[in-house]
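Report on the following structure.
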Amino acid sequence: MNEASDAEKLFAVVQVSQRLCGQTDVDGVIRTFINGATAISRAHRIRLLRREHEEFIVEYDAEASNHGVEIRSGGLVSECEESLRFALRNVLRTRSVVHFHNSPLGYGTVQRNIGLRAPLSPALCIPLTSGNQDLEILCLDRMPGDFPFEPTVISHLLLLSTQATVCLENLRYRTHIRAENIEREKVEMTLRASETALAEAQRMSRTGSWRWEVDTDIVQASVEFFRIYGLEFTPVSPRSTFTDLVHSDDIQALQRVVGGATAQGKSFRTEYRIHAASGDLKYLQNEGHPQIATDGTLYYVGIVMDTTERRNTEKALQATKAQLASALRLSTMGELAASIIHEINQPLTGIMANAQVCLRWLLPEPPQIDRAREAAKRLVGDAERAANVFRGLRALASKIGIVQVPVDIDDAIEEVALLLRGELERGNIRLEIRRGALRAVHGDRFQLQQVIENLMHNAIDAMLCVDDSPRRLTITSEPNSDGVAMVTVHDTGCGFGSHSPEELFDALFTTKPDGMGMGLKVCRSIIEAHSGKLVASSGTDGTKFQFTLPYVRSELHKR
């Protein structure tokens with residue numbers, strides 16, 4: 001009966017062994033092994049454990065029932081299982097079976113009286129080893145009151161555990177090899193992508209890389225390097241293949257730089273021209289750095305950059321700059337001429353008018369000398385105004401500076417208003433001057449009056465088109481901040497429409513049909529030359545032009 005039973009158990013072992021050989025994954029091997037061990041040993045509970053640091057981890061926990069074997073994942077071995085923990089440590093230390101039962105069976109290591117509380121049921125701990133390395137420990141428990149594990153069962157379990165360990169090792173090794181192959185493929189793909197990206201980057205930047213062995217005079221270079229020289233790519237080439245293409249006027253300088261660097265083992269950087277194999281003349285920049293091979297020989301690595309396009313661009317840029325400089329000079333001369341025409345137009349008109357009046361008073365018999373004299377005085381005044389215009393514009397254009405003295409800005413405004421009284425009356429414009437500067441400003445009196453006159457003329461012209469409301473021109477002077485006075489010219493004219501305030505100060509920009517577009521630009525230039533600022537704004541109450549001027553310092557004013 002026992003022989004039949006042993007034969008059946010051996011047959012069961014063979015079946016489990018065959019099933020183990022057919023498994024293709026780690027989980028399948030472990031589950032087949034646990035199911036087979038449970039059937040052969042008639043164990044109530046089987047656990048597969050491994051040691052991690054100082055703890056024992058349950059990887060699989062299987063429990064037999066009438067419905068089969070239920071396999072689930074486990075956790076840590078409980079602290080209360082002191083006997084089991086002791087047995088597991090013995091397994092790791094002795095690499096042999098540890099068997100708990102009430103009487104020795106003469107097989108393996110039998111734990112009977114070890115000073116610990118004996119387990120309530122037979123237990124068996126079997127190491128699953130491969131060589132000298134402990135992989136897992138199989139722990140089997142029978143129900144309380146069951147017989148201990150027979151030696152034959154233990155032998156069968158050892159046989160299965162050995163085969164299971166071999167299967168696991170093979171699967172894990174194949175998994176490791178597969179993972180290594182996948183990783184190798186990834187590395188190769190990454191390397192190929194890097195090589196492609198590097199080649200594309202070299203092509204886009206027109207930069208080729210090279211490696212030169214000094215002793216053998218052999219060069220290894222990238223595809224882009226050969227493309228720059230107009231040659232077909234070869235893995236290795238003598239350096240003369242490339243030096244033969246260097247321009248005859250540059251070859252000696254190149255050899256001198258490279259020879260001096262290699263003699264001292266230093267880096268070099270040089271520029272030269274080549275006649276590429278295609279016949280094109282190219283400008284190259286070559287840079288090399290020394291390296292020492294493992295055998296102690298000297299070699300250089302570096303790059304060659306095709307700078308031909310950059311050189312051509314720089315030449316074109318220089319030519320463009322020269323043309324722009326010439327155009328700027330012509331534009332400046334044109335603006336200066338336009339400024340002179342704009343600013344001198346009024347005094348010249350006055351000169352002509354007063355000269356004609358003077359002649360008219362001299363024609364009658366007897367001539368009206370007194371009236372002719374007054375006209376001549378006005379003529380002289382207009383001529384002086386024209387001369388001052390020339391002087392001021394010349395100072396602005398030549399940057400020789402403006403002669404600045406203390407100026408009573410309120411008096412200067414009054415004088416300009418007196419000159420334009422006739423135009424204000426003809427335009428039916430009411431003028432209001434609010435004096436509030438309190439102190440003298442620092443500047444050129446005539447140039448400041450020129451600015452005020454221009455702004456008042458613009459205001460008068462802007463209000464001539466207004467018929468449905470009063471025409472008022474208000475000029476205010478007041479302290480704006482410590483050390484600065486502000487003058488405001490406010491009119492109730494038609495404004496400057498949809499144009500931005502800054503457009504008004506552009507050269508040749510004008511809103512007048514017969515305007516030249518230089519008056520406000522000249523005004524801003526004068527104010528800025530006085531360390532001030534001129535701005536414009538427009539609203540429902542009209543248009544404002546405001547400029548600031550620095551006050552004379554108190555100690556200077558006292559002088």
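Going through the structure tokens in order, the chains are called A, B, and so on, while each chain numbers its residues from 1 and the ligands are numbered from 1 in the order shown.
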
Shell of 10 Å around Ala417 of chain A, only C-alpha atoms, local chain residues under 5 positions omitted, as a ChimeraX atom specification
/A:411-412,422-424,431-433,449,452-453,456,475

Using only C-alpha atoms, which residues sit within 12 Å of Arg426 of chain A once same-chain residues fewer than 6 positions away are excluded, as a list of chain:residue names?
A:Leu420, A:Ile460, A:Asp461, A:Met463, A:Leu464, A:Arg471

Option closest in space to His99 of chain A, from A:Arg51, A:His499, A:His275, A:Arg142 [counting only C-alpha atoms]
A:Arg142

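Comparing A:Ala322, A:Cys358, A:Ile228, A:Val29 by their smallest distance to Ser209 of chain A, the closest is A:Ile228 (using only C-alpha atoms).
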
Can you pull out the residues contacting segment 539-541 of chain A? Cut-off 9 Å, using only C-alpha atoms, and skip same-chain residues under 4 positions away; I want them as a PyMOL selection string.
chain A and resi 490-493+495

Per DSSP on the backbone, what are the alpha helix (DSSP H) residues of segment 219-360 of chain A, as an NGL selection string?
:A and (223-229 or 240-243 or 251-264 or 308-360)

Could you name the residues that touch His156 of chain A at 9 Å or less, counting only C-alpha atoms, but leaving out those on the same chain fewer than 2 positions away, as JSON, numbers by chain?
{"A": [9, 10, 13, 37, 40, 41, 151, 152, 153, 154, 158, 159, 160, 161]}

Å distance separating atom CA of Gly259 of chain A from atom CA of Asp306 of chain A, one decimal place
22.1 Å

Need the shell around Val441 of chain A: protein/DNA/RNA residues with any atom at most 9 Å away, counting only C-alpha atoms. Skip same-chain ones fewer than 3 positions apart. Format as number ranges by chain?
A: 405-409, 437, 484-485, 549-553

From the DSSP assignment of the backbone, select every residue of segment 54-297 of chain A that is strand (DSSP E or B), and format the answer as a compact mmCIF listing (two decimals) with C-alpha atoms, in the first residue's frame.
```
# COMPACT_ATOMS: atom_id res chain seq x y z
CA GLU A 55 12.63 41.43 7.71
CA PHE A 56 11.04 38.36 6.10
CA ILE A 57 8.62 39.20 3.30
CA VAL A 58 5.83 36.81 2.25
CA GLU A 59 5.73 36.84 -1.57
CA TYR A 60 2.96 34.25 -1.97
CA ASP A 61 0.59 32.86 0.66
CA ALA A 62 -1.45 29.75 -0.35
CA GLU A 63 -4.10 27.98 1.68
CA ALA A 64 -5.73 24.63 0.77
CA SER A 65 -9.48 24.11 1.06
CA GLY A 68 -8.71 24.00 -4.22
CA VAL A 69 -5.70 26.13 -3.40
CA GLU A 70 -6.17 29.87 -2.99
CA ILE A 71 -2.97 31.83 -3.71
CA ARG A 72 -2.66 35.44 -2.64
CA LEU A 76 5.63 40.80 6.66
CA VAL A 98 14.33 22.87 9.05
CA HIS A 99 11.49 20.61 10.24
CA PHE A 100 9.29 21.23 13.28
CA THR A 109 17.54 19.58 10.76
CA VAL A 110 14.95 18.72 13.39
CA GLN A 111 14.01 21.45 15.84
CA ALA A 123 6.03 22.83 9.85
CA LEU A 124 8.71 22.47 7.19
CA CYS A 125 11.09 25.17 5.82
CA ILE A 126 12.97 24.38 2.58
CA PRO A 127 15.55 26.75 0.98
CA LEU A 128 15.20 27.36 -2.74
CA THR A 129 18.85 27.92 -3.61
CA SER A 130 20.91 28.35 -6.73
CA GLN A 133 22.79 32.31 -3.35
CA ASP A 134 19.57 31.96 -1.34
CA LEU A 135 16.61 33.00 -3.44
CA GLU A 136 13.46 32.14 -1.48
CA ILE A 137 12.33 29.91 1.40
CA LEU A 138 9.34 27.59 1.09
CA CYS A 139 7.46 27.23 4.38
CA LEU A 140 4.77 24.47 4.69
CA ASP A 141 2.33 24.04 7.59
CA THR A 207 30.55 73.07 -39.03
CA GLY A 208 32.55 69.86 -39.50
CA SER A 209 34.37 67.90 -36.78
CA TRP A 210 37.74 66.18 -37.16
CA ARG A 211 40.37 64.07 -35.34
CA TRP A 212 44.02 64.27 -36.38
CA GLU A 213 46.71 61.81 -35.27
CA ILE A 218 45.90 60.77 -40.54
CA VAL A 219 42.59 62.63 -40.28
CA GLN A 220 39.19 61.20 -39.37
CA ALA A 221 36.38 63.67 -40.03
CA SER A 237 42.44 60.45 -45.08
CA PRO A 238 45.94 61.92 -45.01
CA VAL A 246 44.41 75.80 -48.99
CA PHE A 268 45.19 76.62 -32.03
CA ARG A 269 42.63 78.70 -33.87
CA THR A 270 43.16 80.13 -37.32
CA GLU A 271 41.33 81.38 -40.40
CA TYR A 272 42.24 80.75 -44.02
CA ARG A 273 40.83 80.34 -47.50
CA ILE A 274 40.52 77.23 -49.63
CA HIS A 275 39.78 76.46 -53.23
CA LEU A 281 36.62 80.05 -52.87
CA LYS A 282 35.66 79.55 -49.23
CA TYR A 283 36.62 81.17 -45.95
CA LEU A 284 37.20 78.67 -43.13
CA GLN A 285 37.78 78.95 -39.40
CA ASN A 286 39.66 76.00 -37.89
CA GLU A 287 40.04 75.29 -34.17
CA GLY A 288 41.88 72.34 -32.59
CA HIS A 289 42.59 71.10 -29.06
CA PRO A 290 45.30 68.59 -28.01
CA GLN A 291 44.46 65.20 -26.46
CA ILE A 292 46.67 62.39 -25.16
```

With a distance cut-off of 9 Å and only C-alpha atoms, select the neighbouring residues of segment 192-206 of chain A, excluding the residue or stretch itself and same-chain residues fewer than 5 positions from it, and output the selection as a VMD selection string.
chain A and resid 187 222 to 225 227 to 228 304 to 307

Can you write out the residues you just picked, keeping C-alpha atoms, as a PDB file, in the first residue's frame?
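Wrote it out as again-v2.pdb, contents follow:
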```
ATOM      1  CA  VAL A 187      20.844  52.904 -26.625  1.00  0.00           C
ATOM      2  CA  SER A 222      32.609  64.010 -40.254  1.00  0.00           C
ATOM      3  CA  VAL A 223      30.562  64.019 -43.432  1.00  0.00           C
ATOM      4  CA  GLU A 224      30.024  67.776 -43.129  1.00  0.00           C
ATOM      5  CA  PHE A 225      33.802  68.307 -42.947  1.00  0.00           C
ATOM      6  CA  ARG A 227      31.246  68.510 -47.743  1.00  0.00           C
ATOM      7  CA  ILE A 228      32.843  71.819 -46.770  1.00  0.00           C
ATOM      8  CA  VAL A 304      36.089  73.581 -39.082  1.00  0.00           C
ATOM      9  CA  MET A 305      33.438  76.231 -39.716  1.00  0.00           C
ATOM     10  CA  ASP A 306      32.547  77.553 -43.158  1.00  0.00           C
ATOM     11  CA  THR A 307      32.397  81.343 -42.654  1.00  0.00           C
TER      12      THR A 307
END
```
